[in-house]
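Have a look at query28.cif below; it lists mmCIF, C-alpha atoms.
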data_upload
#
loop_
_atom_site.group_PDB
_atom_site.id
_atom_site.type_symbol
_atom_site.label_atom_id
_atom_site.label_comp_id
_atom_site.auth_asym_id
_atom_site.auth_seq_id
_atom_site.Cartn_x
_atom_site.Cartn_y
_atom_site.Cartn_z
ATOM 1 C CA MET Y 1 97.292 104.246 86.956
ATOM 2 C CA VAL Y 2 98.750 107.531 85.706
ATOM 3 C CA LYS Y 3 95.286 109.007 85.312
ATOM 4 C CA ASP Y 4 94.367 107.910 88.828
ATOM 5 C CA LEU Y 5 97.583 109.327 90.143
ATOM 6 C CA LYS Y 6 97.045 112.646 88.417
ATOM 7 C CA PHE Y 7 93.581 112.875 89.873
ATOM 8 C CA CYS Y 8 94.869 111.928 93.266
ATOM 9 C CA PHE Y 9 97.755 114.332 93.078
ATOM 10 C CA VAL Y 10 95.703 117.283 91.919
ATOM 11 C CA PHE Y 11 93.045 116.478 94.471
ATOM 12 C CA SER Y 12 95.420 116.204 97.379
ATOM 13 C CA SER Y 13 97.580 119.142 96.451
ATOM 14 C CA VAL Y 14 94.901 121.680 95.504
ATOM 15 C CA SER Y 15 95.462 122.962 98.976
ATOM 16 C CA LEU Y 16 95.445 121.167 102.251
ATOM 17 C CA ARG Y 17 93.994 124.301 103.801
ATOM 18 C CA PHE Y 18 90.957 124.246 101.520
ATOM 19 C CA LEU Y 19 90.375 120.614 102.266
ATOM 20 C CA ARG Y 20 90.669 121.244 105.957
ATOM 21 C CA LEU Y 21 87.945 123.886 105.728
ATOM 22 C CA ILE Y 22 85.709 121.739 103.554
ATOM 23 C CA ARG Y 23 86.195 118.423 105.278
ATOM 24 C CA GLN Y 24 86.982 119.553 108.790
ATOM 25 C CA VAL Y 25 90.145 117.473 109.046
ATOM 26 C CA ASP Y 26 91.906 118.569 112.180
ATOM 27 C CA ASP Y 27 94.789 121.023 112.142
ATOM 28 C CA ALA Y 28 97.233 118.933 114.138
ATOM 29 C CA GLY Y 29 96.941 115.993 111.774
ATOM 30 C CA LEU Y 30 97.484 118.039 108.642
ATOM 31 C CA ASP Y 31 100.363 119.935 110.219
ATOM 32 C CA GLN Y 32 102.168 116.659 110.816
ATOM 33 C CA TRP Y 33 101.735 115.638 107.195
ATOM 34 C CA ARG Y 34 102.955 119.084 106.198
ATOM 35 C CA THR Y 35 106.047 118.692 108.380
ATOM 36 C CA MET Y 36 106.770 115.310 106.852
ATOM 37 C CA ILE Y 37 106.347 116.532 103.278
ATOM 38 C CA LEU Y 38 108.509 119.605 103.885
ATOM 39 C CA SER Y 39 111.411 117.537 105.202
ATOM 40 C CA CYS Y 40 111.816 114.575 102.905
ATOM 41 C CA PRO Y 41 115.317 113.077 102.831
ATOM 42 C CA VAL Y 42 116.892 113.160 99.395
ATOM 43 C CA MET Y 43 120.209 112.156 97.915
ATOM 44 C CA ILE Y 44 121.264 114.026 94.788
ATOM 45 C CA ILE Y 45 123.748 112.191 92.595
ATOM 46 C CA LEU Y 46 125.848 113.401 89.718
ATOM 47 C CA MET Y 47 125.169 111.429 86.563
ATOM 48 C CA ASP Y 48 128.242 112.033 84.467
ATOM 49 C CA GLY Y 49 129.118 108.430 83.663
ATOM 50 C CA GLY Y 50 128.258 108.402 79.995
ATOM 51 C CA PRO Y 51 125.101 107.741 77.995
ATOM 52 C CA ASP Y 52 121.894 106.188 79.368
ATOM 53 C CA GLN Y 53 122.882 107.178 82.924
ATOM 54 C CA LEU Y 54 119.293 107.728 84.028
ATOM 55 C CA PHE Y 55 118.357 104.230 82.913
ATOM 56 C CA TRP Y 56 121.344 102.501 84.502
ATOM 57 C CA GLN Y 57 121.213 104.455 87.772
ATOM 58 C CA ALA Y 58 117.490 103.708 88.119
ATOM 59 C CA PHE Y 59 118.145 100.063 87.250
ATOM 60 C CA LYS Y 60 120.804 99.916 89.931
ATOM 61 C CA LYS Y 61 118.516 101.505 92.533
ATOM 62 C CA ARG Y 62 115.931 98.778 92.003
ATOM 63 C CA GLN Y 63 118.594 96.082 92.088
ATOM 64 C CA GLN Y 64 119.639 97.425 95.490
ATOM 65 C CA VAL Y 65 116.135 96.786 96.794
ATOM 66 C CA VAL Y 66 116.279 93.238 95.451
ATOM 67 C CA ALA Y 67 119.725 92.678 96.991
ATOM 68 C CA ASN Y 68 118.409 93.892 100.367
ATOM 69 C CA TYR Y 69 115.460 91.545 100.063
ATOM 70 C CA GLU Y 70 117.627 88.580 99.153
ATOM 71 C CA ALA Y 71 120.049 89.256 102.002
ATOM 72 C CA CYS Y 72 117.662 90.332 104.744
ATOM 73 C CA ARG Y 73 114.541 88.293 104.186
ATOM 74 C CA ARG Y 74 114.290 85.641 106.874
ATOM 75 C CA THR Y 75 114.332 82.038 105.765
ATOM 76 C CA ALA Y 76 111.857 79.771 107.523
ATOM 77 C CA ARG Y 77 114.684 78.510 109.707
ATOM 78 C CA GLN Y 78 115.811 82.036 110.614
ATOM 79 C CA LEU Y 79 112.225 82.954 111.442
ATOM 80 C CA ALA Y 80 112.004 79.938 113.749
ATOM 81 C CA TYR Y 81 115.208 81.018 115.525
ATOM 82 C CA GLU Y 82 113.935 84.585 115.742
ATOM 83 C CA VAL Y 83 110.622 83.570 117.314
ATOM 84 C CA ALA Y 84 112.346 81.103 119.654
ATOM 85 C CA SER Y 85 114.822 83.737 120.797
ATOM 86 C CA LEU Y 86 112.014 86.107 121.766
ATOM 87 C CA LYS Y 87 110.366 83.282 123.704
ATOM 88 C CA ALA Y 88 113.628 82.541 125.526
ATOM 89 C CA GLN Y 89 114.158 86.216 126.286
ATOM 90 C CA LYS Y 90 110.655 86.696 127.663
ATOM 91 C CA GLU Y 91 110.958 83.560 129.766
ATOM 92 C CA ALA Y 92 114.302 84.703 131.162
ATOM 93 C CA GLU Y 93 112.756 88.050 132.099
ATOM 94 C CA SER Y 94 109.704 86.649 133.837
ATOM 95 C CA GLY Y 95 111.062 83.308 135.035
ATOM 96 C CA GLU Y 96 107.914 81.616 133.737
ATOM 97 C CA ILE Y 97 107.118 79.482 130.706
ATOM 98 C CA LEU Y 98 105.566 81.567 127.911
ATOM 99 C CA SER Y 99 102.827 79.590 126.203
ATOM 100 C CA VAL Y 100 102.632 79.403 122.418
ATOM 101 C CA LYS Y 101 99.262 81.127 122.658
ATOM 102 C CA ASP Y 102 100.728 84.098 124.544
ATOM 103 C CA LEU Y 103 103.646 84.266 122.147
ATOM 104 C CA SER Y 104 101.257 84.211 119.174
ATOM 105 C CA ASP Y 105 99.235 87.010 120.740
ATOM 106 C CA LEU Y 106 102.415 89.028 121.137
ATOM 107 C CA PHE Y 107 103.203 88.692 117.440
ATOM 108 C CA ALA Y 108 99.595 89.381 116.437
ATOM 109 C CA LEU Y 109 99.679 92.566 118.498
ATOM 110 C CA HIS Y 110 102.764 93.882 116.708
ATOM 111 C CA GLN Y 111 101.704 92.692 113.278
ATOM 112 C CA SER Y 112 98.244 94.215 113.418
ATOM 113 C CA ASP Y 113 99.351 97.411 111.693
ATOM 114 C CA MET Y 114 101.467 95.629 109.093
ATOM 115 C CA ALA Y 115 99.164 94.880 106.185
ATOM 116 C CA ILE Y 116 102.000 93.373 104.176
ATOM 117 C CA ALA Y 117 102.985 90.932 106.913
ATOM 118 C CA SER Y 118 99.495 89.490 107.135
ATOM 119 C CA LYS Y 119 99.566 88.782 103.391
ATOM 120 C CA ARG Y 120 102.737 86.748 103.656
ATOM 121 C CA THR Y 121 102.066 83.053 103.490
ATOM 122 C CA ASP Y 122 105.021 82.277 105.753
ATOM 123 C CA MET Y 123 103.474 84.432 108.467
ATOM 124 C CA ALA Y 124 99.961 83.039 108.166
ATOM 125 C CA ASP Y 125 97.910 82.012 111.191
ATOM 126 C CA GLY Y 126 99.782 79.610 113.364
ATOM 127 C CA PHE Y 127 103.269 80.461 112.182
ATOM 128 C CA VAL Y 128 104.434 81.083 115.735
ATOM 129 C CA LYS Y 129 103.314 77.591 116.727
ATOM 130 C CA ASP Y 130 105.117 76.093 113.727
ATOM 131 C CA CYS Y 131 108.256 78.080 114.556
ATOM 132 C CA ILE Y 132 108.425 76.736 118.100
ATOM 133 C CA PHE Y 133 107.581 73.188 116.957
ATOM 134 C CA VAL Y 134 110.279 73.210 114.253
ATOM 135 C CA PHE Y 135 112.785 74.851 116.576
ATOM 136 C CA GLU Y 136 112.328 72.304 119.338
ATOM 137 C CA LYS Y 137 112.052 69.185 117.196
ATOM 138 C CA MET Y 138 114.415 69.859 114.313
ATOM 139 C CA LEU Y 139 116.686 72.845 114.847
ATOM 140 C CA SER Y 140 117.827 71.550 118.209
ATOM 141 C CA ASP Y 141 119.477 68.707 116.297
ATOM 142 C CA PRO Y 142 122.949 69.614 114.983
ATOM 143 C CA VAL Y 143 122.752 67.090 112.122
ATOM 144 C CA CYS Y 144 119.472 68.536 110.848
ATOM 145 C CA ASN Y 145 120.888 72.027 111.212
ATOM 146 C CA ALA Y 146 123.973 71.103 109.222
ATOM 147 C CA CYS Y 147 121.793 69.739 106.405
ATOM 148 C CA LEU Y 148 119.741 72.932 106.354
ATOM 149 C CA ASP Y 149 122.998 74.921 106.270
ATOM 150 C CA VAL Y 150 124.069 73.082 103.140
ATOM 151 C CA LEU Y 151 120.691 73.653 101.448
ATOM 152 C CA GLU Y 152 120.681 77.362 102.303
ATOM 153 C CA GLU Y 153 124.246 77.819 101.117
ATOM 154 C CA LYS Y 154 123.433 76.138 97.844
ATOM 155 C CA TYR Y 155 119.911 77.407 97.104
ATOM 156 C CA GLY Y 156 119.412 80.499 99.313
ATOM 157 C CA LEU Y 157 115.765 81.524 99.636
ATOM 158 C CA SER Y 158 114.852 78.830 97.100
ATOM 159 C CA SER Y 159 116.015 76.046 99.390
ATOM 160 C CA PRO Y 160 113.502 73.189 99.152
ATOM 161 C CA LEU Y 161 113.128 73.222 102.928
ATOM 162 C CA ASN Y 162 112.687 76.980 103.257
ATOM 163 C CA SER Y 163 109.164 76.396 104.527
ATOM 164 C CA LEU Y 164 107.832 75.940 108.052
ATOM 165 C CA GLN Y 165 105.030 73.757 106.713
ATOM 166 C CA LYS Y 166 107.415 71.357 104.957
ATOM 167 C CA MET Y 167 109.684 71.084 107.986
ATOM 168 C CA ARG Y 168 106.674 70.488 110.220
ATOM 169 C CA VAL Y 169 105.367 67.728 107.945
ATOM 170 C CA ILE Y 170 108.764 66.005 107.856
ATOM 171 C CA ILE Y 171 108.856 65.977 111.649
ATOM 172 C CA GLU Y 172 105.277 64.723 111.966
ATOM 173 C CA LYS Y 173 105.719 61.961 109.385
ATOM 174 C CA SER Y 174 108.948 60.672 110.862
ATOM 175 C CA GLU Y 175 108.339 61.157 114.552
ATOM 176 C CA SER Y 176 106.404 57.931 114.977
ATOM 177 C CA THR Y 177 109.363 55.823 113.868
ATOM 178 C CA PRO Y 178 110.387 54.405 117.234
ATOM 179 C CA THR Y 179 113.674 52.785 116.284
ATOM 180 C CA ARG Y 180 115.527 55.995 115.560
ATOM 181 C CA GLN Y 181 116.207 58.419 118.379
ATOM 182 C CA ASP Y 182 118.352 60.836 116.412
ATOM 183 C CA HIS Y 183 116.767 63.269 113.984
ATOM 184 C CA GLY Y 184 119.493 63.637 111.405
ATOM 185 C CA TRP Y 185 118.514 60.472 109.520
ATOM 186 C CA ARG Y 186 115.487 62.283 108.120
ATOM 187 C CA PHE Y 187 117.662 64.203 105.745
ATOM 188 C CA GLN Y 188 120.029 61.463 104.770
ATOM 189 C CA PRO Y 189 119.740 60.028 101.295
ATOM 190 C CA MET J 1 106.038 103.532 121.202
ATOM 191 C CA SER J 2 104.371 106.056 118.931
ATOM 192 C CA ILE J 3 105.590 109.538 118.174
ATOM 193 C CA GLN J 4 103.159 112.094 119.475
ATOM 194 C CA SER J 5 104.299 114.941 117.281
ATOM 195 C CA LEU J 6 106.408 114.633 114.195
ATOM 196 C CA ASN J 7 109.436 116.908 113.961
ATOM 197 C CA VAL J 8 111.415 117.659 110.819
ATOM 198 C CA CYS J 9 113.693 114.852 109.698
ATOM 199 C CA ASP J 10 117.317 115.015 110.793
ATOM 200 C CA GLU J 11 118.875 115.820 107.417
ATOM 201 C CA ALA J 12 120.054 119.426 107.000
ATOM 202 C CA VAL J 13 117.899 121.805 104.976
ATOM 203 C CA PHE J 14 118.756 121.918 101.273
ATOM 204 C CA ASN J 15 121.390 124.501 100.338
ATOM 205 C CA GLN J 16 122.252 125.202 96.721
ATOM 206 C CA GLN J 17 125.865 126.198 97.443
ATOM 207 C CA GLU J 18 126.554 123.167 99.620
ATOM 208 C CA ALA J 19 124.963 120.931 96.989
ATOM 209 C CA LYS J 20 127.314 122.285 94.348
ATOM 210 C CA ILE J 21 130.400 121.763 96.489
ATOM 211 C CA ALA J 22 129.385 118.254 97.561
ATOM 212 C CA LEU J 23 128.525 117.215 94.010
ATOM 213 C CA GLN J 24 131.891 118.491 92.785
ATOM 214 C CA LYS J 25 133.801 116.747 95.551
ATOM 215 C CA GLU J 26 131.832 113.570 96.154
ATOM 216 C CA GLY J 27 129.380 113.276 93.285
ATOM 217 C CA ALA J 28 126.559 113.115 95.819
ATOM 218 C CA TYR J 29 124.697 115.390 98.254
ATOM 219 C CA ARG J 30 122.166 114.602 100.984
ATOM 220 C CA SER J 31 119.621 116.948 102.497
ATOM 221 C CA ALA J 32 115.983 117.451 103.415
ATOM 222 C CA ILE J 33 113.671 118.923 100.793
ATOM 223 C CA ASN J 34 110.030 119.667 100.103
ATOM 224 C CA LEU J 35 108.498 116.555 98.526
ATOM 225 C CA PHE J 36 106.827 118.707 95.876
ATOM 226 C CA TRP J 37 110.206 119.733 94.478
ATOM 227 C CA LEU J 38 110.342 116.274 92.923
ATOM 228 C CA ASP J 39 108.483 115.640 89.682
ATOM 229 C CA PRO J 40 105.542 113.486 90.871
ATOM 230 C CA PHE J 41 105.088 111.973 87.408
ATOM 231 C CA GLY J 42 108.782 111.625 86.730
ATOM 232 C CA SER J 43 109.917 108.103 86.000
ATOM 233 C CA PRO J 44 113.245 106.797 84.714
ATOM 234 C CA THR J 45 111.261 104.154 82.836
ATOM 235 C CA PRO J 46 107.931 105.731 81.866
ATOM 236 C CA THR J 47 106.825 102.857 79.632
ATOM 237 C CA VAL J 48 106.848 100.295 82.445
ATOM 238 C CA PRO J 49 103.327 99.673 83.804
ATOM 239 C CA LEU J 50 102.936 100.194 87.546
ATOM 240 C CA SER J 51 100.700 98.484 90.069
ATOM 241 C CA LYS J 52 98.355 100.772 91.979
ATOM 242 C CA LYS J 53 97.403 98.064 94.468
ATOM 243 C CA ARG J 54 101.022 97.335 95.391
ATOM 244 C CA VAL J 55 101.666 101.045 95.831
ATOM 245 C CA GLN J 56 98.687 101.316 98.184
ATOM 246 C CA GLU J 57 99.923 98.308 100.142
ATOM 247 C CA LEU J 58 103.326 99.933 100.474
ATOM 248 C CA GLY J 59 101.533 103.028 101.768
ATOM 249 C CA SER J 60 99.689 101.077 104.428
ATOM 250 C CA PHE J 61 103.000 99.613 105.602
ATOM 251 C CA VAL J 62 104.984 102.863 105.619
ATOM 252 C CA PHE J 63 102.140 104.894 107.150
ATOM 253 C CA PRO J 64 100.152 102.538 109.421
ATOM 254 C CA GLY J 65 96.653 103.857 110.053
ATOM 255 C CA TYR J 66 97.249 106.774 107.634
ATOM 256 C CA LYS J 67 99.444 108.414 110.245
ATOM 257 C CA PRO J 68 102.357 110.526 108.977
ATOM 258 C CA ALA J 69 105.827 109.095 109.546
ATOM 259 C CA HIS J 70 109.360 109.863 108.486
ATOM 260 C CA LEU J 71 110.774 107.887 105.593
ATOM 261 C CA ALA J 72 113.465 105.332 106.269
ATOM 262 C CA ASP J 73 115.152 105.816 102.899
ATOM 263 C CA SER J 74 116.090 108.846 100.841
ATOM 264 C CA PHE J 75 114.673 109.658 97.471
ATOM 265 C CA CYS J 76 117.408 109.652 94.866
ATOM 266 C CA VAL J 77 117.589 112.462 92.329
ATOM 267 C CA GLY J 78 119.941 112.618 89.353
ATOM 268 C CA VAL J 79 121.538 115.740 87.927
ATOM 269 C CA ASP J 80 123.896 116.220 84.967
ATOM 270 C CA ALA J 81 126.113 118.928 86.481
ATOM 271 C CA PRO J 82 127.107 120.147 89.964
ATOM 272 C CA ASP J 83 126.041 123.716 89.176
ATOM 273 C CA THR J 84 122.480 122.729 88.306
ATOM 274 C CA ASP J 85 120.059 125.527 89.219
ATOM 275 C CA PHE J 86 117.961 123.499 91.639
ATOM 276 C CA HIS J 87 115.653 126.357 92.586
ATOM 277 C CA ALA J 88 114.692 126.997 88.979
ATOM 278 C CA LEU J 89 113.807 123.312 88.617
ATOM 279 C CA LYS J 90 111.568 123.021 91.682
ATOM 280 C CA GLY J 91 108.710 120.655 90.928
ATOM 281 C CA ASN J 92 110.732 119.009 88.200
ATOM 282 C CA TRP J 93 113.558 117.270 90.040
ATOM 283 C CA ARG J 94 114.214 114.039 88.217
ATOM 284 C CA PRO J 95 113.752 110.923 90.349
ATOM 285 C CA VAL J 96 116.123 107.978 89.981
ATOM 286 C CA SER J 97 114.931 105.825 92.893
ATOM 287 C CA PRO J 98 111.851 103.618 92.448
ATOM 288 C CA GLU J 99 108.867 105.927 91.958
ATOM 289 C CA GLU J 100 106.540 103.776 94.081
ATOM 290 C CA MET J 101 107.647 105.469 97.309
ATOM 291 C CA HIS J 102 106.638 108.897 96.015
ATOM 292 C CA HIS J 103 103.319 107.575 94.706
ATOM 293 C CA CYS J 104 102.499 105.824 97.970
ATOM 294 C CA ILE J 105 102.845 109.074 99.930
ATOM 295 C CA ILE J 106 100.383 110.830 97.633
ATOM 296 C CA PHE J 107 97.875 107.976 97.660
ATOM 297 C CA THR J 108 98.101 107.606 101.432
ATOM 298 C CA LEU J 109 97.695 111.318 102.039
ATOM 299 C CA ALA J 110 94.659 111.425 99.738
ATOM 300 C CA ALA J 111 93.173 108.415 101.555
ATOM 301 C CA ALA J 112 93.919 110.053 104.912
ATOM 302 C CA ILE J 113 92.101 113.221 103.866
ATOM 303 C CA ASP J 114 89.186 111.244 102.433
ATOM 304 C CA SER J 115 88.787 109.259 105.611
ATOM 305 C CA GLY J 116 89.133 112.350 107.801
ATOM 306 C CA GLU J 117 92.034 110.703 109.577
ATOM 307 C CA ALA J 118 94.970 112.789 108.480
ATOM 308 C CA GLY J 119 96.825 111.900 111.649
ATOM 309 C CA GLY J 120 96.819 113.955 114.826
#
Taking this structure as input, can you express it in the form of structure tokens?
Amino acid sequence: MVKDLKFCFVFSSVSLRFLRLIRQVDDAGLDQWRTMILSCPVMIILMDGGPDQLFWQAFKKRQQVVANYEACRRTARQLAYEVASLKAQKEAESGEILSVKDLSDLFALHQSDMAIASKRTDMADGFVKDCIFVFEKMLSDPVCNACLDVLEEKYGLSSPLNSLQKMRVIIEKSESTPTRQDHGWRFQP
Amino acid sequence: MSIQSLNVCDEAVFNQQEAKIALQKEGAYRSAINLFWLDPFGSPTPTVPLSKKRVQELGSFVFPGYKPAHLADSFCVGVDAPDTDFHALKGNWRPVSPEEMHHCIIFTLAAAIDSGEAGG
């Protein structure tokens, strides 16, 4: 890794001007990279808090990333609400029903340049369909929602039902039971 | 909406005197700098192995299509004293924030040059 990086670094920093001449990369493109590199935001901090400050400050910086992830990452339920809210918004704007196919295309369009998103298993093919299915069949039920609240409070991202697939399967397996009209019973012990 | 031409980021240009005053008063100072003032091989934890693939994936997320873009987060640099001579240390500023962000810029830029798609 370090060797690769050194090679990469030396290669890319020999001089962008040389490379432009050799490889005919266009001026405008390189100028934009130059602008970006010459104006990188930085925060300088004073490390006067005792020994091992570099270690502990760096440790803390990484923990911040983890804290952001834990707090901001959508649970499956949040994702379902998020997708459903876009659908509702689009339908309110146009006054027409937005099909799951059109909604999926909309997400695919905006995800196309996000390599990381396409790797995520919770955003695999068909996640928009699952979101709408789960939203309409399960999240519309206050009892189900209350159960999911309890699980999320207790287990956070590790909640056993933090999965669109699992929620979908629960709905599919229990939907054919004709005697029960309410949905909350699915979660009751 | 894509930005047609990238302007400098909105942080003020680095100023040694202002840095000293801010570090004395607040223990922190923000500004815009040249990326190459940071030590590209600097790591707070040099013995920890890094993942090249994950760095490249980060690059493809931060710079879709190898196009240049401003960074959402600041690099963090640590100094021992407010009157540090920053200009004398150019190229050796000591990073505190995760080094992957710095690496991903270099890898992405190299890939952009290789592919002849350095933006524009």
Exercise. List the residues sitting within 7 Å of (107.3, 79.8, 111.2) in the file's frame, using only C-alpha atoms, as a count of residues only.
Key: 10
Using all atoms listed in the file, find each residue of chain J with at least one atom at most 8 Å away from an atom of chain Y; report its shortest atom-to-atom pair and that distance in Å (one decimal), sort the rows by chain and rising residue number, and return the result as a tab-separated table.
residue	atom	partner	partner_atom	distance
J:Ser5	CA	Y:Gln32	CA	7.0
J:Leu6	CA	Y:Gln32	CA	5.8
J:Asn7	CA	Y:Thr35	CA	6.8
J:Val8	CA	Y:Ser39	CA	5.6
J:Cys9	CA	Y:Ser39	CA	5.7
J:Glu11	CA	Y:Pro41	CA	6.4
J:Val13	CA	Y:Ser39	CA	7.8
J:Leu23	CA	Y:Leu46	CA	6.3
J:Gly27	CA	Y:Leu46	CA	5.0
J:Ala28	CA	Y:Ile45	CA	4.4
J:Tyr29	CA	Y:Ile44	CA	5.1
J:Arg30	CA	Y:Met43	CA	4.4
J:Ser31	CA	Y:Val42	CA	5.6
J:Ala32	CA	Y:Pro41	CA	4.5
J:Ile33	CA	Y:Ser39	CA	5.1
J:Asn34	CA	Y:Leu38	CA	4.1
J:Leu35	CA	Y:Ile37	CA	5.2
J:Phe36	CA	Y:Ile37	CA	7.7
J:Phe41	CA	Y:Val2	CA	7.9
J:Pro44	CA	Y:Phe55	CA	6.0
J:Thr45	CA	Y:Phe55	CA	7.1
J:Leu50	CA	Y:Met1	CA	7.0
J:Ser51	CA	Y:Met1	CA	7.4
J:Lys52	CA	Y:Met1	CA	6.2
J:Glu57	CA	Y:Ile116	CA	6.7
J:Leu58	CA	Y:Ile116	CA	7.6
J:Ser60	CA	Y:Ala115	CA	6.5
J:Phe61	CA	Y:Met114	CA	5.5
J:Pro64	CA	Y:Asp113	CA	5.7
J:Gly65	CA	Y:Asp113	CA	7.2
J:Pro68	CA	Y:Trp33	CA	5.4
J:Ala69	CA	Y:Met36	CA	6.8
J:His70	CA	Y:Met36	CA	6.2
J:Leu71	CA	Y:Cys40	CA	7.3
J:Asp73	CA	Y:Pro41	CA	7.3
J:Ser74	CA	Y:Val42	CA	4.6
J:Phe75	CA	Y:Val42	CA	4.6
J:Cys76	CA	Y:Met43	CA	4.8
J:Val77	CA	Y:Ile44	CA	4.7
J:Gly78	CA	Y:Ile45	CA	5.0
J:Val79	CA	Y:Leu46	CA	5.2
J:Asp80	CA	Y:Met47	CA	5.2
J:Ala81	CA	Y:Leu46	CA	6.4
J:Pro82	CA	Y:Leu46	CA	6.9
J:Val96	CA	Y:Ala58	CA	4.9
J:Ser97	CA	Y:Lys61	CA	5.6
J:Pro98	CA	Y:Arg62	CA	6.3
J:His103	CA	Y:Leu5	CA	7.5
J:Ile106	CA	Y:Phe9	CA	6.3
J:Phe107	CA	Y:Cys8	CA	6.6
J:Leu109	CA	Y:Ser12	CA	7.1
J:Ala110	CA	Y:Ser12	CA	5.4
J:Ile113	CA	Y:Val25	CA	7.0
J:Gly116	CA	Y:Val25	CA	5.4
J:Glu117	CA	Y:Val25	CA	7.0
J:Ala118	CA	Y:Gly29	CA	5.0
J:Gly119	CA	Y:Gly29	CA	4.1
J:Gly120	CA	Y:Gly29	CA	3.7
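We find atom CA of Phe133 of chain Y and atom CA of Arg168 of chain Y to be spaced 7.3 Å apart.
Across the structure, atom CA of Tyr81 of chain Y and atom CA of Lys173 of chain Y are spaced 22.2 Å apart.
Note on the selection: in this file the PyMOL selection byres ((chain J and resi 17) around 12) comes out as Val13, Phe14, Asn15, Gln16, Glu18, Ala19, Lys20, Ile21, Ala22, Leu23, Gln24, Tyr29, Pro82, Asp83, Thr84, Asp85, Phe86 and His87 of chain J.
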Quiz item: For the atom pair atom CA of Gly42 of chain J and atom CA of Ile105 of chain J, what is the interatomic distance in Å to one decimal place?
Solution: 14.7 Å
